[in-house]
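upload_14.cif, holding mmCIF, C-alpha atoms:
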data_structure
#
loop_
_atom_site.group_PDB
_atom_site.id
_atom_site.type_symbol
_atom_site.label_atom_id
_atom_site.label_comp_id
_atom_site.auth_asym_id
_atom_site.auth_seq_id
_atom_site.Cartn_x
_atom_site.Cartn_y
_atom_site.Cartn_z
ATOM 1 C CA MET A 1 0.000 0.000 0.000
ATOM 2 C CA VAL A 2 2.856 2.355 0.886
ATOM 3 C CA GLY A 3 4.455 1.639 -2.481
ATOM 4 C CA VAL A 4 1.281 2.613 -4.352
ATOM 5 C CA ILE A 5 0.940 5.823 -2.331
ATOM 6 C CA SER A 6 4.581 6.636 -3.092
ATOM 7 C CA LEU A 7 4.023 6.087 -6.817
ATOM 8 C CA VAL A 8 0.893 8.225 -6.921
ATOM 9 C CA THR A 9 2.173 11.083 -4.794
ATOM 10 C CA GLY A 10 5.881 10.961 -5.622
ATOM 11 C CA MET A 11 6.465 10.905 -1.859
ATOM 12 C CA ILE A 12 10.165 10.866 -1.024
ATOM 13 C CA GLY A 13 11.714 8.160 1.116
ATOM 14 C CA PRO A 14 14.654 8.057 3.549
ATOM 15 C CA SER A 15 17.115 8.641 0.694
ATOM 16 C CA GLY A 16 15.559 12.034 0.005
ATOM 17 C CA PHE A 17 14.234 10.825 -3.335
ATOM 18 C CA GLY A 18 11.081 9.105 -4.560
ATOM 19 C CA SER A 19 9.190 7.875 -7.596
ATOM 20 C CA ALA A 20 9.019 11.360 -9.142
ATOM 21 C CA SER A 21 12.783 11.935 -8.890
ATOM 22 C CA THR A 22 14.734 11.970 -12.157
ATOM 23 C CA ALA A 23 18.163 10.565 -12.956
ATOM 24 C CA GLU A 24 19.614 14.068 -13.192
ATOM 25 C CA GLN A 25 18.159 15.052 -9.825
ATOM 26 C CA VAL A 26 19.521 12.028 -7.933
ATOM 27 C CA THR A 27 23.042 12.596 -9.314
ATOM 28 C CA GLU A 28 23.126 16.388 -9.089
ATOM 29 C CA GLY A 29 26.496 17.740 -7.995
ATOM 30 C CA ILE A 30 28.320 14.412 -8.432
ATOM 31 C CA ASP A 31 31.621 14.539 -10.320
ATOM 32 C CA ALA A 32 32.450 11.039 -11.529
ATOM 33 C CA ALA A 33 35.251 11.925 -13.946
ATOM 34 C CA ASN A 34 37.467 9.181 -12.503
ATOM 35 C CA LEU A 35 34.977 6.381 -13.203
ATOM 36 C CA THR A 36 34.429 3.985 -16.112
ATOM 37 C CA ALA A 37 31.142 2.129 -16.580
ATOM 38 C CA ILE A 38 29.723 -0.536 -18.863
ATOM 39 C CA ILE A 39 25.974 -0.353 -19.497
ATOM 40 C CA THR A 40 24.288 -3.176 -21.389
ATOM 41 C CA GLY A 41 21.433 -2.007 -23.589
ATOM 42 C CA GLY A 42 22.558 1.567 -23.088
ATOM 43 C CA ALA A 43 21.303 2.843 -26.448
ATOM 44 C CA SER A 44 17.543 2.955 -25.893
ATOM 45 C CA GLY A 45 14.886 3.484 -23.235
ATOM 46 C CA ILE A 46 16.072 3.877 -19.660
ATOM 47 C CA GLY A 47 19.458 2.479 -20.698
ATOM 48 C CA LEU A 48 20.007 5.466 -22.975
ATOM 49 C CA GLU A 49 18.942 7.883 -20.240
ATOM 50 C CA THR A 50 21.305 6.151 -17.826
ATOM 51 C CA THR A 51 24.119 6.499 -20.354
ATOM 52 C CA ARG A 52 23.285 10.171 -20.948
ATOM 53 C CA VAL A 53 23.188 11.092 -17.265
ATOM 54 C CA LEU A 54 26.312 9.146 -16.328
ATOM 55 C CA ALA A 55 28.130 10.840 -19.216
ATOM 56 C CA LEU A 56 26.772 14.167 -17.967
ATOM 57 C CA ARG A 57 28.410 13.374 -14.614
ATOM 58 C CA LYS A 58 31.667 12.774 -16.546
ATOM 59 C CA VAL A 59 31.724 8.965 -16.349
ATOM 60 C CA HIS A 60 33.442 7.236 -19.262
ATOM 61 C CA VAL A 61 30.587 5.056 -20.515
ATOM 62 C CA ILE A 62 30.868 1.984 -22.709
ATOM 63 C CA ILE A 63 27.533 1.050 -24.276
ATOM 64 C CA ALA A 64 27.360 -2.714 -24.766
ATOM 65 C CA VAL A 65 24.654 -3.360 -27.316
ATOM 66 C CA ARG A 66 23.460 -5.716 -30.016
ATOM 67 C CA ASN A 67 22.275 -3.063 -32.495
ATOM 68 C CA MET A 68 25.341 -1.024 -33.399
ATOM 69 C CA VAL A 69 23.388 1.282 -35.709
ATOM 70 C CA SER A 70 21.087 2.455 -32.912
ATOM 71 C CA ALA A 71 24.097 2.712 -30.601
ATOM 72 C CA LYS A 72 25.895 5.036 -33.008
ATOM 73 C CA GLU A 73 22.766 7.180 -33.254
ATOM 74 C CA ALA A 74 22.449 7.255 -29.461
ATOM 75 C CA LYS A 75 26.072 8.271 -29.062
ATOM 76 C CA GLN A 76 25.617 11.063 -31.599
ATOM 77 C CA ARG A 77 22.559 12.417 -29.750
ATOM 78 C CA ILE A 78 24.472 12.452 -26.478
ATOM 79 C CA LEU A 79 27.451 14.235 -28.061
ATOM 80 C CA GLU A 80 25.190 16.844 -29.622
ATOM 81 C CA GLU A 81 23.929 17.704 -26.150
ATOM 82 C CA ASN A 82 27.235 17.218 -24.342
ATOM 83 C CA GLU A 83 30.350 17.697 -26.476
ATOM 84 C CA SER A 84 32.674 16.540 -23.701
ATOM 85 C CA ALA A 85 30.832 13.251 -23.115
ATOM 86 C CA ARG A 86 33.029 10.166 -23.132
ATOM 87 C CA VAL A 87 30.927 7.456 -24.729
ATOM 88 C CA ASP A 88 32.097 4.393 -26.637
ATOM 89 C CA ILE A 89 30.088 1.551 -28.139
ATOM 90 C CA MET A 90 30.868 -2.147 -28.337
ATOM 91 C CA LYS A 91 29.026 -5.120 -29.800
ATOM 92 C CA LEU A 92 27.300 -7.484 -27.354
ATOM 93 C CA ASP A 93 24.498 -9.979 -27.901
ATOM 94 C CA LEU A 94 23.490 -11.277 -24.479
ATOM 95 C CA CYS A 95 21.546 -14.259 -25.822
ATOM 96 C CA SER A 96 24.797 -15.631 -27.258
ATOM 97 C CA LEU A 97 27.422 -16.797 -24.769
ATOM 98 C CA ASN A 98 30.079 -16.669 -27.480
ATOM 99 C CA SER A 99 29.209 -13.014 -28.042
ATOM 100 C CA VAL A 100 29.574 -12.353 -24.315
ATOM 101 C CA THR A 101 33.047 -13.911 -24.204
ATOM 102 C CA SER A 102 34.082 -11.983 -27.343
ATOM 103 C CA PHE A 103 32.854 -8.717 -25.828
ATOM 104 C CA VAL A 104 34.864 -9.288 -22.657
ATOM 105 C CA ASP A 105 37.992 -10.203 -24.631
ATOM 106 C CA ASN A 106 37.630 -7.010 -26.673
ATOM 107 C CA PHE A 107 37.042 -4.877 -23.590
ATOM 108 C CA ILE A 108 40.008 -6.321 -21.697
ATOM 109 C CA ALA A 109 42.197 -5.636 -24.738
ATOM 110 C CA LEU A 110 41.424 -1.911 -24.367
ATOM 111 C CA ASP A 111 43.217 -1.925 -20.991
ATOM 112 C CA LEU A 112 40.610 0.337 -19.401
ATOM 113 C CA PRO A 113 39.620 0.348 -15.738
ATOM 114 C CA LEU A 114 36.119 -0.769 -14.785
ATOM 115 C CA ASN A 115 34.358 0.741 -11.778
ATOM 116 C CA ILE A 116 30.686 0.221 -12.591
ATOM 117 C CA LEU A 117 28.801 -2.554 -14.365
ATOM 118 C CA ILE A 118 25.118 -1.926 -15.070
ATOM 119 C CA ASN A 119 23.297 -5.009 -16.341
ATOM 120 C CA ASN A 120 20.393 -3.140 -17.896
ATOM 121 C CA ALA A 121 19.522 -4.867 -21.166
ATOM 122 C CA GLY A 122 16.646 -7.295 -21.422
ATOM 123 C CA VAL A 123 13.677 -8.725 -23.279
ATOM 124 C CA MET A 124 10.126 -8.943 -21.993
ATOM 125 C CA PHE A 125 7.048 -11.140 -22.494
ATOM 126 C CA CYS A 126 8.529 -12.939 -25.511
ATOM 127 C CA PRO A 127 6.718 -15.778 -27.241
ATOM 128 C CA PHE A 128 8.494 -19.080 -26.540
ATOM 129 C CA GLU A 129 11.836 -19.135 -28.331
ATOM 130 C CA LEU A 130 15.236 -20.670 -27.761
ATOM 131 C CA SER A 131 18.493 -18.752 -28.089
ATOM 132 C CA GLU A 132 21.279 -19.900 -30.404
ATOM 133 C CA ASP A 133 22.619 -21.777 -27.368
ATOM 134 C CA GLY A 134 19.312 -23.597 -26.908
ATOM 135 C CA ILE A 135 18.220 -21.610 -23.824
ATOM 136 C CA GLU A 136 14.762 -20.068 -23.330
ATOM 137 C CA MET A 137 15.179 -16.523 -24.625
ATOM 138 C CA GLN A 138 14.142 -14.479 -21.571
ATOM 139 C CA PHE A 139 16.274 -16.559 -19.206
ATOM 140 C CA ALA A 140 19.184 -16.490 -21.671
ATOM 141 C CA THR A 141 19.135 -12.731 -22.263
ATOM 142 C CA ASN A 142 18.008 -11.356 -18.925
ATOM 143 C CA HIS A 143 19.943 -13.691 -16.641
ATOM 144 C CA LEU A 144 22.440 -16.109 -18.157
ATOM 145 C CA GLY A 145 24.170 -13.624 -20.478
ATOM 146 C CA HIS A 146 24.526 -11.102 -17.660
ATOM 147 C CA PHE A 147 25.659 -13.813 -15.250
ATOM 148 C CA LEU A 148 28.524 -14.787 -17.568
ATOM 149 C CA LEU A 149 29.349 -11.171 -18.414
ATOM 150 C CA THR A 150 29.609 -10.266 -14.732
ATOM 151 C CA ASN A 151 31.769 -13.259 -13.861
ATOM 152 C CA LEU A 152 34.157 -12.589 -16.749
ATOM 153 C CA LEU A 153 34.514 -8.903 -15.813
ATOM 154 C CA LEU A 154 34.933 -9.460 -12.077
ATOM 155 C CA GLU A 155 38.712 -9.765 -12.160
ATOM 156 C CA LYS A 156 38.996 -6.447 -14.020
ATOM 157 C CA MET A 157 36.693 -4.807 -11.458
ATOM 158 C CA LYS A 158 38.718 -6.250 -8.574
ATOM 159 C CA GLN A 159 41.953 -4.955 -10.109
ATOM 160 C CA THR A 160 40.425 -1.510 -10.599
ATOM 161 C CA ALA A 161 39.063 -1.332 -7.047
ATOM 162 C CA GLN A 162 42.398 -2.390 -5.591
ATOM 163 C CA ALA A 163 44.475 -0.042 -7.758
ATOM 164 C CA THR A 164 42.275 3.028 -7.231
ATOM 165 C CA GLY A 165 40.796 2.463 -3.791
ATOM 166 C CA ILE A 166 37.410 3.304 -5.292
ATOM 167 C CA GLU A 167 34.479 1.025 -4.547
ATOM 168 C CA GLY A 168 33.262 -0.938 -7.546
ATOM 169 C CA ARG A 169 29.523 -1.210 -8.072
ATOM 170 C CA ILE A 170 27.454 -3.815 -9.923
ATOM 171 C CA ILE A 171 23.796 -3.042 -10.577
ATOM 172 C CA ASN A 172 21.357 -5.639 -11.899
ATOM 173 C CA LEU A 173 18.056 -4.352 -13.239
ATOM 174 C CA SER A 174 15.289 -6.559 -11.932
ATOM 175 C CA SER A 175 11.588 -5.754 -11.736
ATOM 176 C CA ILE A 176 8.615 -5.880 -9.432
ATOM 177 C CA ALA A 177 7.571 -8.657 -11.835
ATOM 178 C CA HIS A 178 9.948 -10.961 -9.922
ATOM 179 C CA ASN A 179 6.946 -11.516 -7.631
ATOM 180 C CA TYR A 180 5.017 -13.110 -10.502
ATOM 181 C CA THR A 181 6.888 -16.277 -11.448
ATOM 182 C CA TYR A 182 6.489 -20.049 -11.380
ATOM 183 C CA ILE A 183 5.427 -21.738 -8.128
ATOM 184 C CA LYS A 184 8.958 -22.787 -7.150
ATOM 185 C CA GLY A 185 10.508 -19.581 -8.457
ATOM 186 C CA ILE A 186 12.874 -21.105 -11.024
ATOM 187 C CA ARG A 187 11.962 -24.063 -13.288
ATOM 188 C CA PHE A 188 15.430 -25.606 -13.078
ATOM 189 C CA ASN A 189 14.507 -28.919 -14.700
ATOM 190 C CA LYS A 190 12.181 -27.350 -17.265
ATOM 191 C CA ILE A 191 13.998 -24.127 -18.063
ATOM 192 C CA ASN A 192 13.894 -24.757 -21.828
ATOM 193 C CA GLU A 193 10.563 -26.577 -22.123
ATOM 194 C CA ARG A 194 7.732 -25.161 -24.204
ATOM 195 C CA LYS A 195 5.167 -27.096 -22.145
ATOM 196 C CA GLY A 196 3.994 -24.986 -19.225
ATOM 197 C CA TYR A 197 5.734 -21.886 -20.596
ATOM 198 C CA GLY A 198 4.062 -18.569 -19.844
ATOM 199 C CA ASN A 199 5.650 -15.448 -21.292
ATOM 200 C CA LYS A 200 4.865 -13.332 -18.220
ATOM 201 C CA LYS A 201 5.910 -15.976 -15.705
ATOM 202 C CA ALA A 202 9.087 -16.605 -17.683
ATOM 203 C CA TYR A 203 9.835 -12.891 -17.515
ATOM 204 C CA GLY A 204 9.172 -12.921 -13.762
ATOM 205 C CA GLN A 205 11.472 -15.933 -13.457
ATOM 206 C CA SER A 206 14.290 -14.085 -15.209
ATOM 207 C CA LYS A 207 13.795 -11.012 -13.007
ATOM 208 C CA LEU A 208 13.813 -13.195 -9.895
ATOM 209 C CA ALA A 209 17.047 -14.692 -11.204
ATOM 210 C CA ASN A 210 18.519 -11.169 -11.391
ATOM 211 C CA ILE A 211 17.928 -10.621 -7.665
ATOM 212 C CA LEU A 212 19.131 -14.096 -6.679
ATOM 213 C CA HIS A 213 22.273 -13.586 -8.773
ATOM 214 C CA THR A 214 22.856 -10.221 -7.111
ATOM 215 C CA ASN A 215 22.462 -11.603 -3.611
ATOM 216 C CA GLU A 216 24.747 -14.597 -4.095
ATOM 217 C CA LEU A 217 27.328 -12.426 -5.863
ATOM 218 C CA SER A 218 27.218 -9.935 -2.993
ATOM 219 C CA ARG A 219 27.697 -12.733 -0.461
ATOM 220 C CA ARG A 220 30.718 -14.064 -2.316
ATOM 221 C CA LEU A 221 32.308 -10.620 -2.707
ATOM 222 C CA GLN A 222 31.857 -9.918 0.996
ATOM 223 C CA GLU A 223 33.307 -13.298 1.893
ATOM 224 C CA GLU A 224 36.303 -12.516 -0.285
ATOM 225 C CA GLY A 225 36.694 -9.049 1.248
ATOM 226 C CA VAL A 226 36.552 -7.315 -2.127
ATOM 227 C CA ASN A 227 35.709 -3.606 -2.378
ATOM 228 C CA ILE A 228 32.811 -4.184 -4.803
ATOM 229 C CA THR A 229 29.088 -4.007 -4.071
ATOM 230 C CA ALA A 230 26.224 -5.690 -5.909
ATOM 231 C CA ASN A 231 22.635 -4.477 -5.762
ATOM 232 C CA SER A 232 19.435 -4.952 -7.762
ATOM 233 C CA VAL A 233 16.848 -2.347 -8.710
ATOM 234 C CA HIS A 234 13.278 -2.073 -9.948
ATOM 235 C CA PRO A 235 13.239 0.942 -12.290
ATOM 236 C CA GLY A 236 9.463 1.337 -12.288
ATOM 237 C CA VAL A 237 6.789 0.814 -14.920
ATOM 238 C CA ILE A 238 7.860 2.697 -18.053
ATOM 239 C CA MET A 239 6.726 2.472 -21.674
ATOM 240 C CA THR A 240 9.967 1.627 -23.506
ATOM 241 C CA PRO A 241 11.008 -0.580 -26.475
ATOM 242 C CA LEU A 242 11.305 -3.431 -23.953
ATOM 243 C CA MET A 243 7.513 -3.772 -24.175
ATOM 244 C CA ARG A 244 7.452 -4.355 -27.927
ATOM 245 C CA HIS A 245 5.976 -7.861 -27.483
ATOM 246 C CA SER A 246 3.023 -6.505 -25.488
ATOM 247 C CA SER A 247 2.648 -2.888 -26.560
ATOM 248 C CA TYR A 248 -1.102 -3.066 -27.251
ATOM 249 C CA LEU A 249 -1.786 -4.639 -23.867
ATOM 250 C CA MET A 250 0.442 -2.140 -22.072
ATOM 251 C CA HIS A 251 -1.140 0.873 -23.764
ATOM 252 C CA PHE A 252 -4.565 -0.454 -22.810
ATOM 253 C CA LEU A 253 -3.556 -1.042 -19.184
ATOM 254 C CA LYS A 254 -1.948 2.381 -18.987
ATOM 255 C CA ILE A 255 -5.376 3.980 -19.457
ATOM 256 C CA PHE A 256 -6.473 2.519 -16.111
ATOM 257 C CA THR A 257 -3.147 2.608 -14.257
ATOM 258 C CA PHE A 258 -1.698 5.894 -15.517
ATOM 259 C CA TYR A 259 -0.891 7.021 -11.975
ATOM 260 C CA ILE A 260 1.804 4.366 -11.440
ATOM 261 C CA TRP A 261 3.682 4.871 -14.730
ATOM 262 C CA LYS A 262 6.975 6.742 -14.874
ATOM 263 C CA ASN A 263 8.608 8.661 -17.675
ATOM 264 C CA VAL A 264 12.079 7.628 -18.855
ATOM 265 C CA PRO A 265 14.082 10.167 -16.760
ATOM 266 C CA GLN A 266 12.256 8.905 -13.662
ATOM 267 C CA GLY A 267 12.742 5.293 -14.735
ATOM 268 C CA ALA A 268 16.528 5.710 -14.916
ATOM 269 C CA ALA A 269 16.752 7.428 -11.527
ATOM 270 C CA THR A 270 17.141 4.386 -9.274
ATOM 271 C CA THR A 271 19.876 2.877 -11.452
ATOM 272 C CA CYS A 272 21.818 6.153 -11.499
ATOM 273 C CA TYR A 273 21.310 6.624 -7.766
ATOM 274 C CA VAL A 274 22.687 3.185 -6.894
ATOM 275 C CA ALA A 275 25.535 3.582 -9.405
ATOM 276 C CA LEU A 276 26.810 6.983 -8.264
ATOM 277 C CA HIS A 277 25.327 8.327 -5.051
ATOM 278 C CA PRO A 278 27.664 8.474 -2.021
ATOM 279 C CA ASN A 279 24.828 7.398 0.294
ATOM 280 C CA VAL A 280 24.970 3.925 -1.269
ATOM 281 C CA LYS A 281 28.658 3.450 -0.431
ATOM 282 C CA GLY A 282 29.156 0.096 1.253
ATOM 283 C CA VAL A 283 25.544 -1.000 0.702
ATOM 284 C CA THR A 284 25.398 -4.427 -0.914
ATOM 285 C CA GLY A 285 23.008 -7.309 -1.531
ATOM 286 C CA LYS A 286 19.997 -5.007 -1.424
ATOM 287 C CA TYR A 287 16.959 -4.342 -3.629
ATOM 288 C CA PHE A 288 16.065 -0.737 -4.453
ATOM 289 C CA VAL A 289 12.780 0.757 -5.623
ATOM 290 C CA ASP A 290 12.327 4.511 -6.205
ATOM 291 C CA CYS A 291 15.886 5.123 -4.918
ATOM 292 C CA ASN A 292 15.057 3.534 -1.565
ATOM 293 C CA LEU A 293 15.568 0.123 -0.001
ATOM 294 C CA CYS A 294 12.686 -2.274 -0.498
ATOM 295 C CA LYS A 295 11.923 -5.846 0.567
ATOM 296 C CA PRO A 296 11.784 -8.313 -2.356
ATOM 297 C CA SER A 297 9.710 -11.502 -2.456
ATOM 298 C CA ALA A 298 10.274 -14.548 -0.253
ATOM 299 C CA HIS A 299 11.799 -16.410 -3.218
ATOM 300 C CA ALA A 300 14.204 -13.508 -3.786
ATOM 301 C CA LYS A 301 15.415 -13.692 -0.174
ATOM 302 C CA ASN A 302 15.952 -17.475 -0.306
ATOM 303 C CA LYS A 303 19.699 -18.051 0.124
ATOM 304 C CA HIS A 304 19.427 -21.729 -0.825
ATOM 305 C CA LEU A 305 17.653 -20.813 -4.060
ATOM 306 C CA ALA A 306 20.321 -18.209 -4.833
ATOM 307 C CA LYS A 307 23.129 -20.736 -4.350
ATOM 308 C CA LYS A 308 21.264 -23.328 -6.423
ATOM 309 C CA LEU A 309 20.786 -20.827 -9.270
ATOM 310 C CA TRP A 310 24.475 -19.877 -9.162
ATOM 311 C CA ASP A 311 25.584 -23.490 -9.482
ATOM 312 C CA PHE A 312 22.937 -24.237 -12.117
ATOM 313 C CA SER A 313 24.019 -21.229 -14.207
ATOM 314 C CA ASN A 314 27.675 -22.203 -14.044
ATOM 315 C CA GLU A 315 26.950 -25.769 -15.101
ATOM 316 C CA LEU A 316 24.709 -24.579 -17.927
ATOM 317 C CA ILE A 317 27.433 -22.256 -19.232
ATOM 318 C CA LYS A 318 30.058 -25.008 -19.025
ATOM 319 C CA SER A 319 27.845 -27.378 -21.007
ATOM 320 C CA ILE A 320 27.374 -24.762 -23.736
ATOM 321 C CA LEU A 321 30.912 -23.412 -23.967
ATOM 322 C CA LYS A 322 32.472 -26.842 -23.303
ATOM 323 C CA VAL A 323 34.843 -25.394 -20.677
#
Any chance you could put this one into structure tokens?
Amino acid sequence: MVGVISLVTGMIGPSGFGSASTAEQVTEGIDAANLTAIITGGASGIGLETTRVLALRKVHVIIAVRNMVSAKEAKQRILEENESARVDIMKLDLCSLNSVTSFVDNFIALDLPLNILINNAGVMFCPFELSEDGIEMQFATNHLGHFLLTNLLLEKMKQTAQATGIEGRIINLSSIAHNYTYIKGIRFNKINERKGYGNKKAYGQSKLANILHTNELSRRLQEEGVNITANSVHPGVIMTPLMRHSSYLMHFLKIFTFYIWKNVPQGAATTCYVALHPNVKGVTGKYFVDCNLCKPSAHAKNKHLAKKLWDFSNELIKSILKV
């Protein structure tokens, strides 16, 4: 009930920000010229706004994206507004594990530091489809690709944190939809089966996986004593290209639920807040909504489920990449 009231009124929370806050507002006055960030899907929707605002705060941003044409156009728009923006683009297709490994190899070859990783890209409500690796598309793109990407970039982030003394931050974009998934949360034994597939539950499953991944990653980083945090966020309900598989339904629902929808600058706020704000220093393994801490579902807080997903994801990747 409190969450609905916050959405409708824009009421601020303990952080000083709320659902009506924009990405520019939550990062105002922050100079991040010494930081480098990778943002997946940073060329459209809230990813583009995140890229724009981080570049505005002087972060060197690498957009990791499948569509290089749209990425070039996005970069040009940012440079037209901000001539000093440091934005580069690199090819990444998250539903292909080979593409993920190639992206990481290419990034490492640049010999750049890496302070921030924002796993933003995703697909939503897709009809049943398997990736080129034979994995259900929403699970492959939203979770497995990001899981591998994060693991392969961790050593670079550890090196950067140690060399600079600056806390590294990993942000996984989840969704309130993580509450709406299959009965057991993750269909481990049926992850790629058409039978019983529901496009909305499969999306919820992938968003639950984002939080579970975040929590287990955070636990491991803390255990290792590494100066890197990992948190998940719900950006809000925003009409973006992510909803291309259900645009008619979403436009219809928006007529009756207009009061809970955000615009794109508001939708990027929580990501930018968790990525840059000094108040989040040292905070890890948490779930943020409207720039404030929020309790996720019971499944999302299940440590056993998080560990099981971690092991399952690793084994799945090994079977595909034959490593």
One-decimal distance in Å that lies between atom CA of A:Ser232 and atom CA of A:Leu208
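According to the coordinates, atom CA of A:Leu208 and atom CA of A:Ser232 are separated by 10.2 Å.
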Close residues, A:Asp133 itself excluded, 10 Å, only C-alpha atoms, min 5 positions apart in chain, as a PyMOL selection string
chain A and resi 95-98+140+317+319-321
Using all atoms listed in the file: which of A:Thr284, A:Thr214, A:Gln222, A:Asn192 has the shortest distance to A:Leu316
A:Asn192
When distances are computed from only C-alpha atoms, which of A:Ile116, A:Ala300, A:Ala269, A:Met124 shows the smallest separation from A:Phe17?
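Selected residue with least distance to A:Phe17: A:Ala269.
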Per-residue nearest contacts stretch 75-105 of chain A to stretch 46-67 of chain A, cut-off 8 Å, using all atoms listed in the file, as a Markdown table:
| residue | atom | partner | partner_atom | distance |
| --- | --- | --- | --- | --- |
| A:Ile78 | CA | A:Arg52 | CA | 6.1 |
| A:Asn82 | CA | A:Leu56 | CA | 7.1 |
| A:Ala85 | CA | A:Ala55 | CA | 5.3 |
| A:Arg86 | CA | A:His60 | CA | 4.9 |
| A:Val87 | CA | A:Val61 | CA | 4.9 |
| A:Asp88 | CA | A:Ile62 | CA | 4.8 |
| A:Ile89 | CA | A:Ile63 | CA | 4.7 |
| A:Met90 | CA | A:Ala64 | CA | 5.0 |
| A:Lys91 | CA | A:Val65 | CA | 5.3 |
| A:Leu92 | CA | A:Val65 | CA | 4.9 |
| A:Asp93 | CA | A:Arg66 | CA | 4.9 |
| A:Leu94 | CA | A:Arg66 | CA | 7.8 |
Name the residues that the PyMOL selection byres ((chain A and resi 217) around 10) picks from the file above, as a list in words, using the file's chain letters and numbers.
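Expected selection for the PyMOL selection byres ((chain A and resi 217) around 10) here is Phe147, Thr150, Asn151, Ile170, Ile211, Leu212, His213, Thr214, Asn215, Glu216, Ser218, Arg219, Arg220, Leu221, Gln222, Glu223, Ile228, Thr229, Ala230, Asn231, Thr284, Gly285, Ala306, Lys307 and Trp310 of chain A.
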So which residues touch A:Thr22 within 12 Å, counting only C-alpha atoms, skipping near sequence neighbours fewer than 4 positions away, as JSON, numbers by chain?
{"A": [10, 17, 18, 26, 27, 28, 46, 49, 50, 53, 235, 236, 262, 263, 264, 265, 266, 267, 268, 269, 270, 271, 272, 273, 290, 291]}
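The residue that comes closest to A:Ala161, out of A:Gly225, A:Gly16, A:Pro296, A:Gly41 and on the basis of all atoms listed in the file, is A:Gly225.
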What is the distance, in Å and to one decimal place, between atom CA of A:Val104 and atom CA of A:Leu173?
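Calculated distance between atom CA of A:Val104 and atom CA of A:Leu173 is 19.9 Å.
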So, with only C-alpha atoms as the atoms that count, which of A:Phe312, A:Tyr182, A:Tyr203, A:Phe288 lies closest to A:Gly122?
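Using only C-alpha atoms, A:Gly122 sits closest to A:Tyr203.
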I'd like the residues picked by the PyMOL selection byres ((chain A and resi 298) around 12) written out as an NGL selection string, using the chain letters and numbers from the file.
:A and (178-181 or 183-185 or 208 or 211-212 or 295-297 or 299-306)
Give me, please, the distance in Å between atom CA of A:Arg169 and atom CA of A:Leu276, quoted to one decimal.
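For atom CA of A:Arg169 relative to atom CA of A:Leu276, the distance reads 8.6 Å.
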Pick the closest to A:His277 from A:Ala177, A:Ala23, A:Ile12, A:Ala74: which is it, counting all atoms listed in the file?
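Smallest separation from A:His277 among the options: A:Ala23.
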Kindly provide, as JSON, the centre and edge lengths (Å, one decimal) of an axis-aligned box around all atoms of stretch 45-56 of chain A given in the file, with 5 Å on each side.
{"center_x": 21.5, "center_y": 8.3, "center_z": -19.8, "size_x": 23.2, "size_y": 21.7, "size_z": 16.9}
Which residue, A:Asn279, A:Asn292, A:Asn120, A:Asn115, has the smallest gap to A:Ile171 when you use all atoms listed in the file?
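Among A:Asn279, A:Asn292, A:Asn120, A:Asn115, it is A:Asn120 that comes nearest to A:Ile171.
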Selection dump of the PyMOL selection byres ((chain A and resi 160) around 12), as a list in words:
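This file, filtered by the PyMOL selection byres ((chain A and resi 160) around 12), leaves Asn34, Leu35, Thr36, Ala37, Asp111, Leu112, Pro113, Leu114, Asn115, Ile116, Leu153, Leu154, Glu155, Lys156, Met157, Lys158, Gln159, Ala161, Gln162, Ala163, Thr164, Gly165, Ile166, Glu167, Gly168, Arg169, Val226, Asn227 and Ile228 of chain A.
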With all atoms listed in the file as the counted atoms, please give the residues lying no more than 10 Å from A:Glu193, apart from itself and same-chain residues fewer than 2 positions off, as a ChimeraX atom specification.
/A:128-130,135-136,187,189-191,195-197
